[in-house]
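*Asks:* Dropping the structure in here first, questions after.
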Amino acid sequence: MLKLFYGAGACSLASHITLEEIGKPYETYSVAMAKGEHKSPEYLKMNPRGKVPTLQIDNEFLVENIAIQDYLVKSSPEANLAPKEPLGEARWISVNAWLSNTVHPAFGRWNRPGNITADEAAHPAIKEAGKKAFWDCLTEIDGMLAGGQWVHGAQYTTSDAYVMVFYGWGLRIPELNLKELKNYTAHKDRMLQRPAVKTVLEREGSALLKT
Ligand SMILES: N[C@@H](CCC(=O)N[C@@H](CS)C(=O)NCC(=O)O)C(=O)O
């Protein structure tokens, strides 16, 4: 049985939605991040980086959203959650890598400038730069969604679950008006129609359900 360790509202939502979309039985554990449970000795044994998500596969532990999503896609090919031909698959990896290595850290600079420097005088400038970089990323995602229903066109993939994370995070920055991003907002509404997405957002108590 697979077991996902996630944090409510965290980037682990991407893996959580993917796991539910697969349609097989699984277990979840909500890591109490506000209480620092992700830094507890027990959790660090599973994920020494002290981050969510972690996927337990029998006695093995897998970390990093894009690796977890890749494992789920390949171990349940019938769910059809990624392109199968080489160029399509490479584009899917390309988007997911960018979401992980550029979009997520941009928000992180706004959300936790203390992770960049302990010098509090520098925090406002770091937050401002992070907010701008994050908005540029959201605008690029909006552009990706201009031509089709999903990030990769007609096929729903794990990238759609991943971009849902960042729409939710964008809502937390008061100065950003996500409604300006018409394609991304329509995508978020389409996502909310999917039973798997609703199930997971309800389990996480997500603010996305109130949009
Ligand atoms: N690249 C990693 C990022 C994981 C990550 O940074 N998770 C955050 C939550 S969104 C976390 O656990 N932060 C806790 C911490 O760094 O203390 C992935 O996509 O899995």
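To be explicit about the labels: the chains of the structure tokens are called A, B, and onward in the order shown, and within each one the residues are counted from 1, while ligands get numbers from 1 in the order they are shown.
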List the neighbours of segment 132-137 of chain A out to 10 Å using only C-alpha atoms; skip same-chain residues closer than 4 positions along the sequence, and give me the result as a list in words.

*Replies:* Trp98, Leu99, Thr102, Val103, His104, Pro105, Ala106, Phe107, Gly108, Arg109, Trp110, Ile126, Lys127, Glu128, Ile141, Asp142, Gly143, Phe166, Trp169, Gly170, Ile173, Leu176, Asn177 and Leu178 of chain A

*Asks:* Go through chain A and flag each residue having an atom no more than 10 Å from ligand 1; for those, report the closest pair of atoms plus their distance in Å to one decimal, using only C-alpha atoms and all ligand atoms, ordered by chain and rising number, as CSV.

*Replies:*
residue,atom,partner,partner_atom_place_in_ligand_line,distance
A:Tyr6,CA,ligand 1,12 (O),8.5
A:Gly7,CA,ligand 1,9 (C),6.9
A:Ala8,CA,ligand 1,9 (C),9.2
A:Gly9,CA,ligand 1,10 (S),7.8
A:Ala10,CA,ligand 1,10 (S),4.1
A:Cys11,CA,ligand 1,10 (S),4.0
A:Ser12,CA,ligand 1,10 (S),6.4
A:Leu13,CA,ligand 1,10 (S),8.7
A:Ala14,CA,ligand 1,19 (O),8.5
A:Ser15,CA,ligand 1,20 (O),8.6
A:Val31,CA,ligand 1,12 (O),9.4
A:Met33,CA,ligand 1,14 (C),7.3
A:Ala34,CA,ligand 1,14 (C),9.6
A:Gly36,CA,ligand 1,17 (O),8.0
A:Glu37,CA,ligand 1,17 (O),9.8
A:His38,CA,ligand 1,14 (C),7.0
A:Lys39,CA,ligand 1,17 (O),7.4
A:Asn47,CA,ligand 1,12 (O),9.8
A:Arg49,CA,ligand 1,16 (O),7.7
A:Gly50,CA,ligand 1,17 (O),6.1
A:Lys51,CA,ligand 1,12 (O),3.1
A:Val52,CA,ligand 1,12 (O),4.0
A:Pro53,CA,ligand 1,20 (O),5.5
A:Thr54,CA,ligand 1,20 (O),7.8
A:Leu62,CA,ligand 1,20 (O),9.6
A:Val63,CA,ligand 1,20 (O),6.0
A:Glu64,CA,ligand 1,20 (O),3.3
A:Asn65,CA,ligand 1,20 (O),4.0
A:Ile66,CA,ligand 1,19 (O),6.4
A:Ala67,CA,ligand 1,20 (O),8.2
A:Ile68,CA,ligand 1,20 (O),8.3
A:Gln69,CA,ligand 1,20 (O),9.9
A:Asn96,CA,ligand 1,19 (O),9.4
A:Ala97,CA,ligand 1,19 (O),9.2
A:Leu99,CA,ligand 1,19 (O),8.4
A:Ser100,CA,ligand 1,19 (O),5.4
A:Asn101,CA,ligand 1,1 (N),7.0
A:Thr102,CA,ligand 1,1 (N),9.9
A:His104,CA,ligand 1,3 (C),7.6
A:Pro105,CA,ligand 1,6 (O),8.2
A:Phe107,CA,ligand 1,10 (S),9.7
A:Gly108,CA,ligand 1,6 (O),8.4
A:Arg112,CA,ligand 1,16 (O),9.5
A:Asn115,CA,ligand 1,16 (O),8.6
A:Tyr162,CA,ligand 1,19 (O),9.3
A:Val165,CA,ligand 1,10 (S),9.0
A:Trp169,CA,ligand 1,10 (S),9.8

*Asks:* Save the residues we just selected, N, CA and C atoms, as a compact mmCIF listing (two decimals), in the first residue's frame?

*Replies:*
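What follows is the written file again34.txt:
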# COMPACT_ATOMS: atom_id res chain seq x y z
N TYR A 6 1.98 14.32 3.54
CA TYR A 6 1.78 15.63 2.91
C TYR A 6 1.59 16.70 3.98
N GLY A 7 1.72 17.95 3.54
CA GLY A 7 1.40 19.08 4.41
C GLY A 7 0.21 19.80 3.80
N ALA A 8 -0.81 20.08 4.60
CA ALA A 8 -1.99 20.76 4.05
C ALA A 8 -1.57 22.10 3.44
N GLY A 9 -1.92 22.30 2.17
CA GLY A 9 -1.62 23.56 1.49
C GLY A 9 -0.21 23.66 0.94
N ALA A 10 0.60 22.64 1.16
CA ALA A 10 1.99 22.68 0.69
C ALA A 10 2.09 22.15 -0.75
N CYS A 11 3.32 22.16 -1.29
CA CYS A 11 3.53 21.70 -2.66
C CYS A 11 3.20 20.23 -2.83
N SER A 12 3.11 19.50 -1.72
CA SER A 12 2.75 18.08 -1.78
C SER A 12 1.37 17.86 -2.38
N LEU A 13 0.59 18.94 -2.52
CA LEU A 13 -0.72 18.84 -3.18
C LEU A 13 -0.58 18.23 -4.57
N ALA A 14 0.53 18.52 -5.26
CA ALA A 14 0.73 18.00 -6.63
C ALA A 14 0.75 16.47 -6.61
N SER A 15 1.49 15.89 -5.67
CA SER A 15 1.57 14.43 -5.56
C SER A 15 0.25 13.86 -5.02
N VAL A 31 1.17 15.80 7.77
CA VAL A 31 2.31 16.18 8.63
C VAL A 31 2.00 17.54 9.25
N MET A 33 3.06 20.49 10.01
CA MET A 33 4.25 21.31 9.73
C MET A 33 4.35 22.50 10.68
N ALA A 34 3.19 23.06 11.05
CA ALA A 34 3.21 24.23 11.95
C ALA A 34 3.84 23.86 13.29
N GLY A 36 6.24 21.63 13.44
CA GLY A 36 7.60 21.19 13.15
C GLY A 36 7.75 19.68 13.04
N GLU A 37 6.63 18.99 12.79
CA GLU A 37 6.71 17.52 12.74
C GLU A 37 7.62 17.02 11.61
N HIS A 38 7.76 17.86 10.56
CA HIS A 38 8.62 17.45 9.43
C HIS A 38 10.11 17.48 9.79
N LYS A 39 10.42 18.04 10.98
CA LYS A 39 11.82 18.05 11.42
C LYS A 39 12.03 17.07 12.59
N ASN A 47 12.61 11.13 5.39
CA ASN A 47 13.00 12.19 4.46
C ASN A 47 14.02 13.09 5.17
N ARG A 49 15.71 15.45 4.36
CA ARG A 49 15.66 16.89 4.08
C ARG A 49 14.59 17.60 4.90
N GLY A 50 13.72 16.82 5.55
CA GLY A 50 12.70 17.43 6.39
C GLY A 50 11.68 18.23 5.60
N LYS A 51 11.26 17.67 4.47
CA LYS A 51 10.28 18.37 3.63
C LYS A 51 9.15 17.42 3.24
N VAL A 52 8.05 17.99 2.81
CA VAL A 52 6.98 17.20 2.21
C VAL A 52 6.99 17.48 0.71
N PRO A 53 6.55 16.55 -0.11
CA PRO A 53 5.98 15.24 0.21
C PRO A 53 7.03 14.15 0.36
N THR A 54 6.58 13.06 1.03
CA THR A 54 7.31 11.79 1.01
C THR A 54 6.30 10.71 0.67
N LEU A 62 10.24 7.70 -1.11
CA LEU A 62 10.58 8.48 -2.31
C LEU A 62 10.23 9.94 -2.03
N VAL A 63 11.15 10.85 -2.38
CA VAL A 63 10.90 12.28 -2.16
C VAL A 63 11.01 13.03 -3.48
N GLU A 64 10.57 14.27 -3.46
CA GLU A 64 10.52 15.18 -4.62
C GLU A 64 9.26 14.91 -5.45
N ASN A 65 8.44 15.97 -5.55
CA ASN A 65 7.18 15.85 -6.29
C ASN A 65 7.35 15.24 -7.67
N ILE A 66 8.35 15.71 -8.43
CA ILE A 66 8.39 15.23 -9.82
C ILE A 66 8.80 13.76 -9.89
N ALA A 67 9.58 13.30 -8.93
CA ALA A 67 9.93 11.87 -8.89
C ALA A 67 8.72 11.04 -8.46
N ILE A 68 8.00 11.54 -7.47
CA ILE A 68 6.81 10.82 -6.99
C ILE A 68 5.77 10.74 -8.12
N GLN A 69 5.56 11.87 -8.79
CA GLN A 69 4.58 11.87 -9.89
C GLN A 69 5.04 10.92 -11.00
N ASN A 96 7.54 20.28 -15.68
CA ASN A 96 7.58 19.89 -14.26
C ASN A 96 8.89 20.35 -13.59
N ALA A 97 9.98 20.24 -14.33
CA ALA A 97 11.27 20.69 -13.78
C ALA A 97 11.23 22.18 -13.50
N LEU A 99 8.56 24.02 -12.90
CA LEU A 99 7.68 24.28 -11.76
C LEU A 99 8.43 24.05 -10.45
N SER A 100 9.25 23.00 -10.43
CA SER A 100 9.97 22.65 -9.20
C SER A 100 11.17 23.56 -8.94
N ASN A 101 11.92 23.88 -10.02
CA ASN A 101 13.19 24.58 -9.75
C ASN A 101 13.12 26.10 -9.91
N THR A 102 12.03 26.61 -10.46
CA THR A 102 11.92 28.06 -10.66
C THR A 102 10.67 28.65 -10.00
N HIS A 104 8.45 27.31 -7.74
CA HIS A 104 8.39 27.08 -6.29
C HIS A 104 9.36 28.00 -5.53
N PRO A 105 10.65 28.07 -5.94
CA PRO A 105 11.57 28.95 -5.20
C PRO A 105 11.21 30.44 -5.30
N PHE A 107 8.19 31.72 -5.19
CA PHE A 107 7.24 31.95 -4.09
C PHE A 107 7.95 31.89 -2.75
N GLY A 108 8.91 30.97 -2.65
CA GLY A 108 9.65 30.81 -1.39
C GLY A 108 10.35 32.10 -0.97
N ARG A 112 9.25 33.04 2.59
CA ARG A 112 10.23 32.81 3.66
C ARG A 112 11.56 33.46 3.33
N ASN A 115 14.86 32.28 4.78
CA ASN A 115 15.64 31.15 4.26
C ASN A 115 16.79 31.63 3.37
N TYR A 162 0.17 19.99 -10.61
CA TYR A 162 1.28 20.81 -10.07
C TYR A 162 0.95 22.30 -10.18
N VAL A 165 -1.14 23.94 -7.41
CA VAL A 165 -0.44 24.35 -6.18
C VAL A 165 -0.19 25.86 -6.22
N TRP A 169 -1.22 29.21 -4.01
CA TRP A 169 -0.23 30.06 -3.33
C TRP A 169 -0.39 31.52 -3.76

*Asks:* Which is closer to Met164 of chain A than all the others in A:Gln56, A:Thr18, A:Ser40, A:Ser30, using only C-alpha atoms?

*Replies:*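 Comparing A:Gln56, A:Thr18, A:Ser40, A:Ser30 against Met164 of chain A, the winner is A:Thr18.
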
*Asks:* Neighbours of Ala79 of chain A within 8 Å (only C-alpha atoms; same-chain residues fewer than 4 positions away dropped), as a list of chain:residue names?

*Replies:*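 The neighbour list is A:Glu21, A:Ile22, A:Gly23, A:Val73.
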
*Asks:* Please produce an output containing C-alpha atoms for each residue in the selection, written as a PDB file, in the first residue's frame.

*Replies:*
ATOM      1  CA  GLU A  21      -6.241  10.444  -9.854  1.00  0.00           C
ATOM      2  CA  ILE A  22      -4.590   7.012 -10.131  1.00  0.00           C
ATOM      3  CA  GLY A  23      -7.695   5.555  -8.513  1.00  0.00           C
ATOM      4  CA  VAL A  73       2.559   7.692 -13.775  1.00  0.00           C
TER       5      VAL A  73
END

*Asks:* Pull the strand (DSSP E) assignments for segment 26-205 of chain A out of DSSP run on the backbone, and list those residues as a tab-separated table (two decimals) with C-alpha atoms, in the first residue's frame.

*Replies:*
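What landed in part_28.tsv:
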chain	number	residue	atom	x	y	z
A	26	TYR	CA	-3.66	4.51	-0.65
A	27	GLU	CA	-3.14	6.00	2.78
A	28	THR	CA	-2.26	9.53	3.77
A	29	TYR	CA	-0.68	11.20	6.75
A	30	SER	CA	-1.03	14.94	7.29
A	54	THR	CA	7.31	11.79	1.01
A	55	LEU	CA	5.79	8.72	-0.61
A	56	GLN	CA	6.16	5.43	1.23
A	57	ILE	CA	6.23	2.43	-1.11
A	60	GLU	CA	10.97	2.41	0.62
A	61	PHE	CA	10.68	6.21	0.71
A	62	LEU	CA	10.58	8.48	-2.31
A	63	VAL	CA	10.90	12.28	-2.16

*Asks:* Just the number, please: distance in Å from atom CA of Arg190 of chain A to atom CA of Asp160 of chain A, one decimal.

*Replies:*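 Those two atoms sit 10.2 Å apart.
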
*Asks:* Between A:His16, A:Gly130, A:Lys35, A:Ala146, which is the closest to Leu181 of chain A once you count only C-alpha atoms?

*Replies:*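 Using only C-alpha atoms, the shortest distance to Leu181 of chain A belongs to A:Ala146.
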
*Asks:* Could I get the residues of segment 123-190 of chain A with an atom no further than 9 Å from an atom of segment 195-209 of chain A, each paired with its nearest atom pair and that distance in Å to one decimal, using only C-alpha atoms, sorted by chain and residue number, as a tab-separated table?

*Replies:*
residue	atom	partner	partner_atom	distance
A:Ala161	CA	A:Val197	CA	8.1
A:Met164	CA	A:Leu208	CA	8.9
A:Tyr167	CA	A:Leu208	CA	8.3
A:Gly168	CA	A:Leu208	CA	6.0
A:Leu171	CA	A:Leu208	CA	8.4
A:Lys188	CA	A:Leu208	CA	8.5

*Asks:* Could you pull out the alpha helix (DSSP H) residues of segment 51-161 of chain A from DSSP and send them as a ChimeraX atom specification?

*Replies:* /A:65-75,86-98,104-111,123-144,158-161

*Asks:* Could you jot down the atom CA of Trp150 of chain A to atom CA of His187 of chain A separation for me, Å, one decimal place?

*Replies:*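 Result for atom CA of Trp150 of chain A versus atom CA of His187 of chain A: 7.1 Å, one decimal.
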
*Asks:* When you count only C-alpha atoms, which of these residues is closest to Gly153 of chain A: A:Leu4, A:Ala122, A:Ala82, A:Ile17?

*Replies:*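 Once distances to Gly153 of chain A are computed over only C-alpha atoms, the minimum belongs to A:Ala82.
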
*Asks:* State, in Å with one decimal place, the distance from atom CA of Pro48 of chain A to atom CA of Lys3 of chain A.

*Replies:* 17.2 Å
